[in-house]
Structure formats: structure tokens, C-alpha cells
>>> print(open('final_23.cif').read())   # mmCIF, C-alpha atoms
data_work
loop_
_atom_site.group_PDB
_atom_site.id
_atom_site.type_symbol
_atom_site.label_atom_id
_atom_site.label_comp_id
_atom_site.auth_asym_id
_atom_site.auth_seq_id
_atom_site.Cartn_x
_atom_site.Cartn_y
_atom_site.Cartn_z
ATOM 1 C CA MET A 67 -29.553 33.214 -31.034
ATOM 2 C CA SER A 68 -29.924 36.184 -33.296
ATOM 3 C CA LEU A 69 -29.936 39.763 -32.076
ATOM 4 C CA SER A 70 -33.496 40.448 -33.203
ATOM 5 C CA PHE A 71 -34.729 37.462 -31.193
ATOM 6 C CA LEU A 72 -32.892 38.889 -28.176
ATOM 7 C CA PHE A 73 -34.624 42.224 -28.787
ATOM 8 C CA TYR A 74 -38.100 40.670 -28.783
ATOM 9 C CA LEU A 75 -37.295 38.537 -25.724
ATOM 10 C CA THR A 76 -36.083 41.582 -23.779
ATOM 11 C CA ALA A 77 -39.065 43.619 -24.956
ATOM 12 C CA THR A 78 -41.393 40.902 -23.626
ATOM 13 C CA ILE A 79 -39.614 40.968 -20.256
ATOM 14 C CA ALA A 80 -39.861 44.770 -20.127
ATOM 15 C CA VAL A 81 -43.582 44.822 -20.929
ATOM 16 C CA ALA A 82 -44.405 41.985 -18.514
ATOM 17 C CA SER A 83 -42.511 43.577 -15.633
ATOM 18 C CA ALA A 84 -44.096 46.983 -16.394
ATOM 19 C CA ILE A 85 -47.580 45.393 -16.240
ATOM 20 C CA PHE A 86 -46.777 43.820 -12.883
ATOM 21 C CA VAL A 87 -45.407 47.162 -11.588
ATOM 22 C CA VAL A 88 -48.779 48.735 -12.342
ATOM 23 C CA LEU A 89 -51.012 45.869 -11.168
ATOM 24 C CA ASN A 90 -49.187 44.989 -7.955
ATOM 25 C CA ARG A 91 -50.651 46.373 -4.749
ATOM 26 C CA ASN A 92 -47.479 46.011 -2.728
ATOM 27 C CA ALA A 93 -45.180 48.989 -3.330
ATOM 28 C CA VAL A 94 -41.994 47.025 -2.530
ATOM 29 C CA TYR A 95 -42.738 44.385 -5.193
ATOM 30 C CA SER A 96 -43.501 47.186 -7.657
ATOM 31 C CA ALA A 97 -40.102 48.760 -6.988
ATOM 32 C CA ILE A 98 -38.222 45.466 -7.467
ATOM 33 C CA LEU A 99 -40.072 44.746 -10.711
ATOM 34 C CA LEU A 100 -39.349 48.273 -11.908
ATOM 35 C CA VAL A 101 -35.624 47.530 -11.470
ATOM 36 C CA LEU A 102 -36.099 44.472 -13.705
ATOM 37 C CA CYS A 103 -37.836 46.692 -16.281
ATOM 38 C CA PHE A 104 -34.933 49.178 -16.200
ATOM 39 C CA PHE A 105 -32.397 46.382 -16.726
ATOM 40 C CA ALA A 106 -34.410 45.133 -19.720
ATOM 41 C CA LEU A 107 -34.428 48.688 -21.117
ATOM 42 C CA ALA A 108 -30.646 48.879 -20.665
ATOM 43 C CA VAL A 109 -30.289 45.713 -22.758
ATOM 44 C CA LEU A 110 -32.542 47.296 -25.397
ATOM 45 C CA TYR A 111 -30.273 50.379 -25.448
ATOM 46 C CA LEU A 112 -27.283 48.078 -25.976
ATOM 47 C CA LEU A 113 -29.066 46.414 -28.904
ATOM 48 C CA LEU A 114 -29.773 49.879 -30.361
ATOM 49 C CA GLU A 115 -26.039 50.649 -30.015
ATOM 50 C CA ALA A 116 -26.386 53.372 -27.368
ATOM 51 C CA TYR A 117 -23.686 51.912 -25.139
ATOM 52 C CA PHE A 118 -23.094 54.872 -22.836
ATOM 53 C CA LEU A 119 -26.824 55.350 -22.231
ATOM 54 C CA ALA A 120 -27.179 51.662 -21.326
ATOM 55 C CA VAL A 121 -24.549 52.145 -18.619
ATOM 56 C CA LEU A 122 -26.254 55.359 -17.453
ATOM 57 C CA GLU A 123 -29.626 53.600 -17.308
ATOM 58 C CA VAL A 124 -28.264 51.010 -14.888
ATOM 59 C CA PHE A 125 -26.355 53.609 -12.846
ATOM 60 C CA ILE A 126 -28.973 56.324 -12.533
ATOM 61 C CA TYR A 127 -32.301 54.483 -12.731
ATOM 62 C CA ALA A 128 -31.585 51.013 -11.355
ATOM 63 C CA GLY A 129 -28.995 52.391 -8.934
ATOM 64 C CA ALA A 130 -29.744 55.865 -7.649
ATOM 65 C CA ILE A 131 -33.456 56.407 -8.328
ATOM 66 C CA MET A 132 -34.660 52.997 -7.177
ATOM 67 C CA VAL A 133 -32.609 53.190 -3.973
ATOM 68 C CA LEU A 134 -34.338 56.513 -3.315
ATOM 69 C CA PHE A 135 -37.722 54.876 -3.942
ATOM 70 C CA LEU A 136 -36.972 51.990 -1.587
ATOM 71 C CA PHE A 137 -35.838 54.413 1.111
ATOM 72 C CA ALA A 138 -39.055 56.403 0.740
ATOM 73 C CA ILE A 139 -41.156 53.206 0.945
ATOM 74 C CA MET A 140 -39.246 52.218 4.068
ATOM 75 C CA LEU A 141 -39.661 55.652 5.681
ATOM 76 C CA LEU A 142 -43.388 55.766 4.938
ATOM 77 C CA ASN A 143 -43.879 52.174 6.175
ATOM 78 C CA LEU A 144 -46.082 51.294 3.199
ATOM 79 C CA GLY A 145 -47.740 47.919 3.270
ATOM 80 C CA HIS A 146 -50.560 46.528 1.243
ATOM 81 C CA GLU A 147 -52.841 48.990 -0.499
ATOM 82 C CA ASP A 148 -56.450 48.660 0.664
ATOM 83 C CA ALA A 149 -59.282 47.609 -1.634
ATOM 84 C CA LEU A 150 -60.882 50.314 -3.714
ATOM 85 C CA PRO A 151 -63.901 52.375 -2.699
ATOM 86 C CA LYS A 152 -66.834 51.966 -5.066
ATOM 87 C CA PHE A 153 -66.536 55.236 -6.982
ATOM 88 C CA MET A 154 -63.050 54.375 -8.272
ATOM 89 C CA TYR A 155 -64.290 51.599 -10.574
ATOM 90 C CA LEU A 156 -65.920 54.052 -12.978
ATOM 91 C CA GLN A 157 -62.660 56.010 -13.112
ATOM 92 C CA ARG A 158 -60.760 52.801 -13.908
ATOM 93 C CA ALA A 159 -63.119 51.855 -16.735
ATOM 94 C CA LEU A 160 -62.877 55.357 -18.204
ATOM 95 C CA SER A 161 -59.071 55.356 -17.951
ATOM 96 C CA VAL A 162 -58.800 52.019 -19.786
ATOM 97 C CA LEU A 163 -61.042 53.443 -22.515
ATOM 98 C CA MET A 164 -58.956 56.612 -22.883
ATOM 99 C CA VAL A 165 -55.645 54.742 -22.996
ATOM 100 C CA ALA A 166 -57.029 52.314 -25.588
ATOM 101 C CA LEU A 167 -58.141 55.275 -27.722
ATOM 102 C CA PHE A 168 -54.673 56.864 -27.451
ATOM 103 C CA PHE A 169 -52.931 53.585 -28.274
ATOM 104 C CA PHE A 170 -54.963 52.665 -31.333
ATOM 105 C CA GLY A 171 -54.906 56.270 -32.548
ATOM 106 C CA ILE A 172 -51.127 56.247 -32.738
ATOM 107 C CA ILE A 173 -51.121 52.742 -34.286
ATOM 108 C CA LEU A 174 -53.446 54.106 -37.009
ATOM 109 C CA ILE A 175 -51.146 57.088 -37.618
ATOM 110 C CA MET A 176 -48.156 54.762 -37.936
ATOM 111 C CA LEU A 177 -49.990 52.533 -40.409
ATOM 112 C CA HIS A 178 -51.062 55.535 -42.498
ATOM 113 C CA GLU A 179 -47.534 56.947 -42.851
ATOM 114 C CA PRO A 180 -45.554 53.996 -44.148
ATOM 115 C CA GLY A 181 -43.307 56.220 -46.258
ATOM 116 C CA VAL A 182 -41.611 57.844 -43.293
ATOM 117 C CA LEU A 183 -40.603 54.781 -41.368
ATOM 118 C CA HIS A 184 -39.527 51.869 -43.472
ATOM 119 C CA GLN A 185 -35.811 51.735 -44.180
ATOM 120 C CA PRO A 186 -33.428 51.306 -41.242
ATOM 121 C CA GLY A 187 -29.945 52.725 -41.603
ATOM 122 C CA ASP A 188 -27.237 50.097 -41.821
ATOM 123 C CA THR A 189 -24.190 51.789 -40.328
ATOM 124 C CA PHE A 190 -24.086 53.641 -37.049
ATOM 125 C CA SER A 191 -21.218 55.682 -35.665
ATOM 126 C CA ALA A 192 -22.786 57.755 -32.890
ATOM 127 C CA GLY A 193 -23.130 55.203 -30.093
ATOM 128 C CA GLY A 194 -19.912 55.642 -28.157
ATOM 129 C CA ILE A 195 -19.068 58.004 -25.344
ATOM 130 C CA HIS A 196 -16.665 60.003 -27.534
ATOM 131 C CA VAL A 197 -19.247 61.316 -29.992
ATOM 132 C CA LEU A 198 -21.799 61.918 -27.244
ATOM 133 C CA GLY A 199 -19.323 63.896 -25.149
ATOM 134 C CA GLU A 200 -18.288 65.989 -28.129
ATOM 135 C CA ALA A 201 -21.913 66.901 -28.886
ATOM 136 C CA LEU A 202 -22.624 67.575 -25.221
ATOM 137 C CA PHE A 203 -19.739 69.997 -24.798
ATOM 138 C CA SER A 204 -20.033 71.855 -28.101
ATOM 139 C CA LYS A 205 -23.486 71.941 -29.667
ATOM 140 C CA TYR A 206 -25.444 71.303 -26.468
ATOM 141 C CA LEU A 207 -23.277 73.200 -24.000
ATOM 142 C CA LEU A 208 -26.061 75.524 -22.807
ATOM 143 C CA PRO A 209 -28.597 72.716 -22.077
ATOM 144 C CA PHE A 210 -25.826 70.854 -20.268
ATOM 145 C CA GLU A 211 -25.137 73.832 -17.993
ATOM 146 C CA VAL A 212 -28.861 74.411 -17.418
ATOM 147 C CA ALA A 213 -29.162 70.736 -16.412
ATOM 148 C CA SER A 214 -26.450 71.226 -13.808
ATOM 149 C CA LEU A 215 -28.308 74.289 -12.498
ATOM 150 C CA LEU A 216 -31.498 72.181 -12.339
ATOM 151 C CA LEU A 217 -29.693 69.566 -10.255
ATOM 152 C CA LEU A 218 -28.490 72.261 -7.863
ATOM 153 C CA VAL A 219 -32.013 73.671 -7.491
ATOM 154 C CA ALA A 220 -33.380 70.153 -6.887
ATOM 155 C CA LEU A 221 -30.705 69.552 -4.233
ATOM 156 C CA ILE A 222 -31.540 72.744 -2.333
ATOM 157 C CA GLY A 223 -35.292 72.159 -2.681
ATOM 158 C CA THR A 224 -35.033 68.587 -1.391
ATOM 159 C CA VAL A 225 -33.035 69.614 1.654
ATOM 160 C CA TYR A 226 -35.537 72.364 2.406
ATOM 161 C CA LEU A 227 -38.599 70.135 1.943
ATOM 162 C CA ALA A 228 -37.236 67.242 3.982
ATOM 163 C CA LYS A 229 -36.547 69.424 7.018
ATOM 164 C CA ARG A 230 -38.583 68.494 10.066
ATOM 165 C CA LYS A 231 -40.353 71.846 10.242
ATOM 166 C CA ILE A 232 -41.304 73.779 7.107
ATOM 167 C CA MET B 983 -30.564 48.200 -37.177
ATOM 168 C CA VAL B 984 -31.514 45.112 -35.203
ATOM 169 C CA VAL B 985 -35.274 45.461 -35.711
ATOM 170 C CA PRO B 986 -37.410 47.880 -37.778
ATOM 171 C CA LEU B 987 -37.979 51.281 -36.197
ATOM 172 C CA GLU B 988 -41.739 50.654 -36.057
ATOM 173 C CA HIS B 989 -41.231 47.852 -33.553
ATOM 174 C CA VAL B 990 -39.146 50.083 -31.275
ATOM 175 C CA ILE B 991 -41.819 52.797 -31.412
ATOM 176 C CA ALA B 992 -44.576 50.248 -30.793
ATOM 177 C CA LEU B 993 -42.743 48.907 -27.737
ATOM 178 C CA SER B 994 -42.219 52.457 -26.511
ATOM 179 C CA MET B 995 -45.941 53.174 -26.922
ATOM 180 C CA ILE B 996 -46.940 50.010 -25.075
ATOM 181 C CA LEU B 997 -44.700 50.955 -22.140
ATOM 182 C CA PHE B 998 -46.025 54.539 -22.170
ATOM 183 C CA SER B 999 -49.647 53.314 -22.148
ATOM 184 C CA ILE B 1000 -48.905 51.004 -19.215
ATOM 185 C CA GLY B 1001 -47.414 54.007 -17.400
ATOM 186 C CA VAL B 1002 -50.513 56.129 -18.056
ATOM 187 C CA LEU B 1003 -52.716 53.296 -16.803
ATOM 188 C CA GLY B 1004 -50.614 53.092 -13.662
ATOM 189 C CA VAL B 1005 -51.033 56.811 -12.984
ATOM 190 C CA LEU B 1006 -54.799 56.489 -13.415
ATOM 191 C CA PHE B 1007 -55.224 53.152 -11.582
ATOM 192 C CA ARG B 1008 -53.239 53.354 -8.392
ATOM 193 C CA ARG B 1009 -54.054 55.336 -5.274
ATOM 194 C CA ASN B 1010 -50.626 55.084 -3.734
ATOM 195 C CA ALA B 1011 -48.557 58.191 -4.544
ATOM 196 C CA ILE B 1012 -45.278 56.209 -4.627
ATOM 197 C CA THR B 1013 -46.601 53.745 -7.216
ATOM 198 C CA ILE B 1014 -47.908 56.668 -9.264
ATOM 199 C CA PHE B 1015 -44.401 58.099 -9.200
ATOM 200 C CA MET B 1016 -42.998 54.781 -10.429
ATOM 201 C CA SER B 1017 -45.470 54.838 -13.321
ATOM 202 C CA ILE B 1018 -44.258 58.326 -14.250
ATOM 203 C CA GLU B 1019 -40.699 56.959 -14.331
ATOM 204 C CA LEU B 1020 -41.965 54.201 -16.622
ATOM 205 C CA MET B 1021 -43.411 56.808 -19.002
ATOM 206 C CA LEU B 1022 -40.143 58.779 -19.060
ATOM 207 C CA ASN B 1023 -38.278 55.577 -19.887
ATOM 208 C CA ALA B 1024 -40.678 54.773 -22.715
ATOM 209 C CA VAL B 1025 -39.976 58.181 -24.271
ATOM 210 C CA ASN B 1026 -36.237 57.593 -23.798
ATOM 211 C CA LEU B 1027 -36.519 54.323 -25.700
ATOM 212 C CA ALA B 1028 -38.242 56.084 -28.603
ATOM 213 C CA LEU B 1029 -35.513 58.772 -28.652
ATOM 214 C CA VAL B 1030 -32.754 56.151 -28.706
ATOM 215 C CA GLY B 1031 -34.526 54.326 -31.534
ATOM 216 C CA PHE B 1032 -34.797 57.506 -33.614
ATOM 217 C CA SER B 1033 -31.169 58.375 -32.857
ATOM 218 C CA ARG B 1034 -30.120 54.967 -34.194
ATOM 219 C CA TYR B 1035 -32.400 55.300 -37.220
ATOM 220 C CA TYR B 1036 -31.202 58.748 -38.303
ATOM 221 C CA ASN B 1037 -27.563 57.980 -37.395
ATOM 222 C CA SER B 1038 -27.364 61.075 -35.223
ATOM 223 C CA VAL B 1039 -26.272 61.658 -31.653
ATOM 224 C CA ASP B 1040 -28.886 64.349 -30.891
ATOM 225 C CA GLY B 1041 -31.484 61.905 -29.580
ATOM 226 C CA GLN B 1042 -28.992 60.472 -27.131
ATOM 227 C CA VAL B 1043 -28.225 63.962 -25.813
ATOM 228 C CA PHE B 1044 -31.967 64.401 -25.190
ATOM 229 C CA VAL B 1045 -32.057 61.080 -23.332
ATOM 230 C CA PHE B 1046 -29.129 62.257 -21.211
ATOM 231 C CA LEU B 1047 -31.020 65.435 -20.278
ATOM 232 C CA VAL B 1048 -34.244 63.515 -19.596
ATOM 233 C CA MET B 1049 -32.333 61.258 -17.185
ATOM 234 C CA THR B 1050 -31.013 64.350 -15.363
ATOM 235 C CA LEU B 1051 -34.545 65.713 -15.147
ATOM 236 C CA ALA B 1052 -35.877 62.378 -13.859
ATOM 237 C CA ALA B 1053 -33.272 62.287 -11.094
ATOM 238 C CA ALA B 1054 -34.102 65.842 -9.976
ATOM 239 C CA GLU B 1055 -37.835 65.171 -10.205
ATOM 240 C CA VAL B 1056 -37.664 62.006 -8.105
ATOM 241 C CA ALA B 1057 -35.629 63.716 -5.392
ATOM 242 C CA VAL B 1058 -38.028 66.660 -5.073
ATOM 243 C CA GLY B 1059 -41.154 64.516 -5.504
ATOM 244 C CA LEU B 1060 -40.230 62.002 -2.833
ATOM 245 C CA ALA B 1061 -39.370 64.863 -0.466
ATOM 246 C CA ILE B 1062 -42.845 66.315 -1.099
ATOM 247 C CA ILE B 1063 -44.486 62.915 -0.493
ATOM 248 C CA ILE B 1064 -42.590 62.479 2.784
ATOM 249 C CA ALA B 1065 -43.556 65.993 3.920
ATOM 250 C CA LEU B 1066 -47.171 65.175 2.984
ATOM 251 C CA TYR B 1067 -47.048 61.956 4.995
ATOM 252 C CA ARG B 1068 -45.772 63.859 8.028
ATOM 253 C CA ASN B 1069 -48.726 66.243 7.864
ATOM 254 C CA ARG B 1070 -51.563 63.888 6.847
ATOM 255 C CA GLN B 1071 -50.341 60.360 7.826
ATOM 256 C CA THR B 1072 -51.347 58.998 4.425
ATOM 257 C CA VAL B 1073 -50.061 58.795 0.845
ATOM 258 C CA ASN B 1074 -53.368 57.714 -0.701
ATOM 259 C CA ILE B 1075 -54.174 60.421 -3.196
ATOM 260 C CA ASP B 1076 -57.968 60.193 -2.747
ATOM 261 C CA GLU B 1077 -57.596 61.051 0.944
ATOM 262 C CA ILE B 1078 -55.549 64.162 0.214
ATOM 263 C CA ASN B 1079 -58.456 66.459 -0.656
ATOM 264 C CA LEU B 1080 -57.677 69.568 1.368
ATOM 265 C CA MET B 1081 -58.300 71.886 -1.601
ATOM 266 C CA LYS B 1082 -61.512 70.162 -2.725
ATOM 267 C CA ASN B 1083 -64.041 71.716 -0.340
#
>>> encode(input="final_23.cif", output="C-alpha cells")
Amino acid sequence: MSLSFLFYLTATIAVASAIFVVLNRNAVYSAILLVLCFFALAVLYLLLEAYFLAVLEVFIYAGAIMVLFLFAIMLLNLGHEDALPKFMYLQRALSVLMVALFFFGIILIMLHEPGVLHQPGDTFSAGGIHVLGEALFSKYLLPFEVASLLLLVALIGTVYLAKRKI
Amino acid sequence: MVVPLEHVIALSMILFSIGVLGVLFRRNAITIFMSIELMLNAVNLALVGFSRYYNSVDGQVFVFLVMTLAAAEVAVGLAIIIALYRNRQTVNIDEINLMKN
């Protein structure tokens, strides 16, 4: 089994699970399928030689974020979503139209600029944790520190919002 | 590279479009949040593909920062949804129309 075949297989799994996440009315099934989608994306990162990010994808998204989602679903006691009121159908038709326009617009742009994207590089040396850490702590030190500040602000904000009485 | 860059970008666009459709289709605020996560992941995939294509680590640093942002966003967003549920007993976004009238 060649690696490109594995890429297309995983891409199919990712797209199929993403479609079911969107179409499913039960929030718990959506969450479980979203975990499947994140695992497929982690495999895609591995195939694109971003090894550390594949590990992070499983840790942060499939681990931390989805556990948070499942806890929220449990706390809110969400069951089946009810059927739509009438006026929503027009909105759905319009949204499909807009997304189709966006999609085919970008496909057209990609077909019109074949000179930019045609020749993949053959060697790659920036996938490991060593190179990433070096870039993170030298060239991107300020964004790294700002990200840690953002996490602190999110922590304080979450504790404040989740208090019983605001 | 395993596949041409165009295929990675096309996959990323398909996932992003599915995420946009989810935001526009669903009424449940939690599912809308999941669709936003899907869109962030689609952009991450495009960044990883470009990082591989240009043999540079910069795209992966961006993905790292986007993941940090997604974690912070989910924590705050779910706290807001839970606070909303306490006040209105619903998470259906068409029933939360306090500022409409």
C-alpha cells in the first residue's frame, strides 16, 4: 500500500466524518465523529511529515477539547435537535448556494494559477520537534509568550463566566 | 511530498466548506462550535501542506499558535454557552433573540 493511497483513504475518512458531524442531529454522535475526523487529520499530518503536530493534534483536539465538548453536552443535557421551523429552509438553501460559490471560486483560482503550485519539494528537514522548538524559542519568541498570556486570560475568563452568579 | 500540494489544498477547502455549512445549518450552539473547530483544522491542514511544500518550519509554528487559540476559544465559548443555558434554558440560537426587538 503506497503512501499516496493512504493519504487519499484518510482524506476520504476525514471528509465523510466531517459531513456526518454537520448532518447529525444528535450532538453526542457529532462529537464522537469529530474525534474520528481529528484522528484522520493527525494521520494526514504524519503523511505530510509534521510529526510533532500530529501528536499535538491527538493530545489537544482529540484529548482535551473533545472531552470539554462532551462535558458541556452532558451538563446541558442535550438530546435530539427538534425539526426546523419553516423559515429556516430558505436560509439553508441560501447557505448552500453561498458555500458552492466560495468553493468553485477558489477551484477556479487554483486552476488559473498553475505556475505557482506544481512542483513539490523532494526533501524535507523541518518536521521534527527540534527544528520547531528552535524556531519557537528564537524567531517566534514574542508570539509564543503572547500565546501563554492568551491562555492565562482564557483561564481567568472561564472561571469567572462559569461561576454560579455573574 | 506524498501527494501534490493542490490535493492538500483541495481537501482543506472541502473541510472548510463543510464547516461553514455546519455553522449555517445547525441551530444547536454546541454543534456550531464543533463546525468552527472543523474550519480551524482545515486551515491547519493547509498550513502544514504549505510548510511541507516550501520546506520551512514557519507554517508549523502558525499551526501551533492556532491550536493554542482553539483551546482558549473552546474554554471561553463553552463557558459562555453554559452561562447562557442557565439564564435562558436553551442553546438553540434562533430562540436567543433578546437583542432583536
>>> closest_residue(input="final_23.cif", among="B:Leu1060, B:Leu1006, B:Met1049, B:Ile1012", to="B:Asn1026", atoms="all atoms listed in the file")
B:Met1049
>>> resolve_selection(input="final_23.cif", expression="the PyMOL selection byres ((chain B and resi 997) around 12)", output="JSON, numbers by chain")
{"A": [77, 78, 79, 80, 81, 82, 83, 84, 85, 86, 87, 88, 100, 103, 104, 107, 165, 169], "B": [990, 991, 992, 993, 994, 995, 996, 998, 999, 1000, 1001, 1002, 1003, 1004, 1017, 1018, 1019, 1020, 1021, 1022, 1023, 1024, 1025, 1026, 1027, 1028]}
>>> resolve_selection(input="final_23.cif", expression="the PyMOL selection byres ((chain A and resi 217) around 12)", output="list in words")
Phe210, Glu211, Val212, Ala213, Ser214, Leu215, Leu216, Leu218, Val219, Ala220, Leu221, Ile222, Gly223 and Thr224 of chain A; Leu1047, Met1049, Thr1050, Leu1051, Ala1052, Ala1053, Ala1054, Glu1055, Val1056, Ala1057 and Val1058 of chain B
>>> residues_around(input="final_23.cif", residues="stretch 118-120 of chain A", least_positions_apart="4", cutoff="7 Å", atoms="all atoms listed in the file", output="list in words")
Ala108, Val109, Tyr111, Leu112, Val124, Gly194 and Ile195 of chain A
>>> closest_residue(input="final_23.cif", among="B:Asn1079, B:Ala1061, B:Leu1029, B:Asn1074", to="chain A", atoms="all atoms listed in the file")
B:Ala1061
>>> resolve_selection(input="final_23.cif", expression="the PyMOL selection byres ((chain B and resi 1010) around 12)", output="VMD selection string")
(chain A and resid 88 to 94 96 139 142 144 to 150) or (chain B and resid 1004 to 1009 1011 to 1017 1063 1067 1072 to 1078)
>>> atom_distance(input="final_23.cif", atom1="atom CA of A:Glu200", atom2="atom CA of A:Gly129")
25.8 Å
>>> axis_aligned_box(input="final_23.cif", around="stretch 106-123 of chain A", padding_each_side="6 Å", output="JSON")
{"center_x": -28.8, "center_y": 50.2, "center_z": -23.8, "size_x": 23.3, "size_y": 22.2, "size_z": 25.1}
>>> atom_distance(input="final_23.cif", atom1="atom CA of A:Val197", atom2="atom CA of B:Met983")
18.8 Å
>>> atom_distance(input="final_23.cif", atom1="atom CA of A:Tyr206", atom2="atom CA of B:Val1048")
13.6 Å
>>> residues_around(input="final_23.cif", residues="B:Phe1032", least_positions_apart="2", cutoff="12 Å", atoms="all atoms listed in the file", output="MDAnalysis selection string")
(chainID A and resid 111 114:116 182:183 186:187 190) or (chainID B and resid 983 986:991 994 1025:1030 1034:1042 1044:1045)
>>> write_last_selection(input="final_23.cif", atoms="C-alpha atoms", output="PDB file, in the frame of the given file")
ATOM      1  CA  TYR A 111     -30.273  50.379 -25.448  1.00  0.00           C
ATOM      2  CA  LEU A 114     -29.773  49.879 -30.361  1.00  0.00           C
ATOM      3  CA  GLU A 115     -26.039  50.649 -30.015  1.00  0.00           C
ATOM      4  CA  ALA A 116     -26.386  53.372 -27.368  1.00  0.00           C
ATOM      5  CA  VAL A 182     -41.611  57.844 -43.293  1.00  0.00           C
ATOM      6  CA  LEU A 183     -40.603  54.781 -41.368  1.00  0.00           C
ATOM      7  CA  PRO A 186     -33.428  51.306 -41.242  1.00  0.00           C
ATOM      8  CA  GLY A 187     -29.945  52.725 -41.603  1.00  0.00           C
ATOM      9  CA  PHE A 190     -24.086  53.641 -37.049  1.00  0.00           C
TER      10      PHE A 190
ATOM     11  CA  MET B 983     -30.564  48.200 -37.177  1.00  0.00           C
ATOM     12  CA  PRO B 986     -37.410  47.880 -37.778  1.00  0.00           C
ATOM     13  CA  LEU B 987     -37.979  51.281 -36.197  1.00  0.00           C
ATOM     14  CA  GLU B 988     -41.739  50.654 -36.057  1.00  0.00           C
ATOM     15  CA  HIS B 989     -41.231  47.852 -33.553  1.00  0.00           C
ATOM     16  CA  VAL B 990     -39.146  50.083 -31.275  1.00  0.00           C
ATOM     17  CA  ILE B 991     -41.819  52.797 -31.412  1.00  0.00           C
ATOM     18  CA  SER B 994     -42.219  52.457 -26.511  1.00  0.00           C
ATOM     19  CA  VAL B1025     -39.976  58.181 -24.271  1.00  0.00           C
ATOM     20  CA  ASN B1026     -36.237  57.593 -23.798  1.00  0.00           C
ATOM     21  CA  LEU B1027     -36.519  54.323 -25.700  1.00  0.00           C
ATOM     22  CA  ALA B1028     -38.242  56.084 -28.603  1.00  0.00           C
ATOM     23  CA  LEU B1029     -35.513  58.772 -28.652  1.00  0.00           C
ATOM     24  CA  VAL B1030     -32.754  56.151 -28.706  1.00  0.00           C
ATOM     25  CA  ARG B1034     -30.120  54.967 -34.194  1.00  0.00           C
ATOM     26  CA  TYR B1035     -32.400  55.300 -37.220  1.00  0.00           C
ATOM     27  CA  TYR B1036     -31.202  58.748 -38.303  1.00  0.00           C
ATOM     28  CA  ASN B1037     -27.563  57.980 -37.395  1.00  0.00           C
ATOM     29  CA  SER B1038     -27.364  61.075 -35.223  1.00  0.00           C
ATOM     30  CA  VAL B1039     -26.272  61.658 -31.653  1.00  0.00           C
ATOM     31  CA  ASP B1040     -28.886  64.349 -30.891  1.00  0.00           C
ATOM     32  CA  GLY B1041     -31.484  61.905 -29.580  1.00  0.00           C
ATOM     33  CA  GLN B1042     -28.992  60.472 -27.131  1.00  0.00           C
ATOM     34  CA  PHE B1044     -31.967  64.401 -25.190  1.00  0.00           C
ATOM     35  CA  VAL B1045     -32.057  61.080 -23.332  1.00  0.00           C
TER      36      VAL B1045
END
>>> closest_residue(input="final_23.cif", among="A:Val121, A:Ala159, A:Val133, A:Leu69", to="chain B", atoms="all atoms listed in the file")
A:Leu69
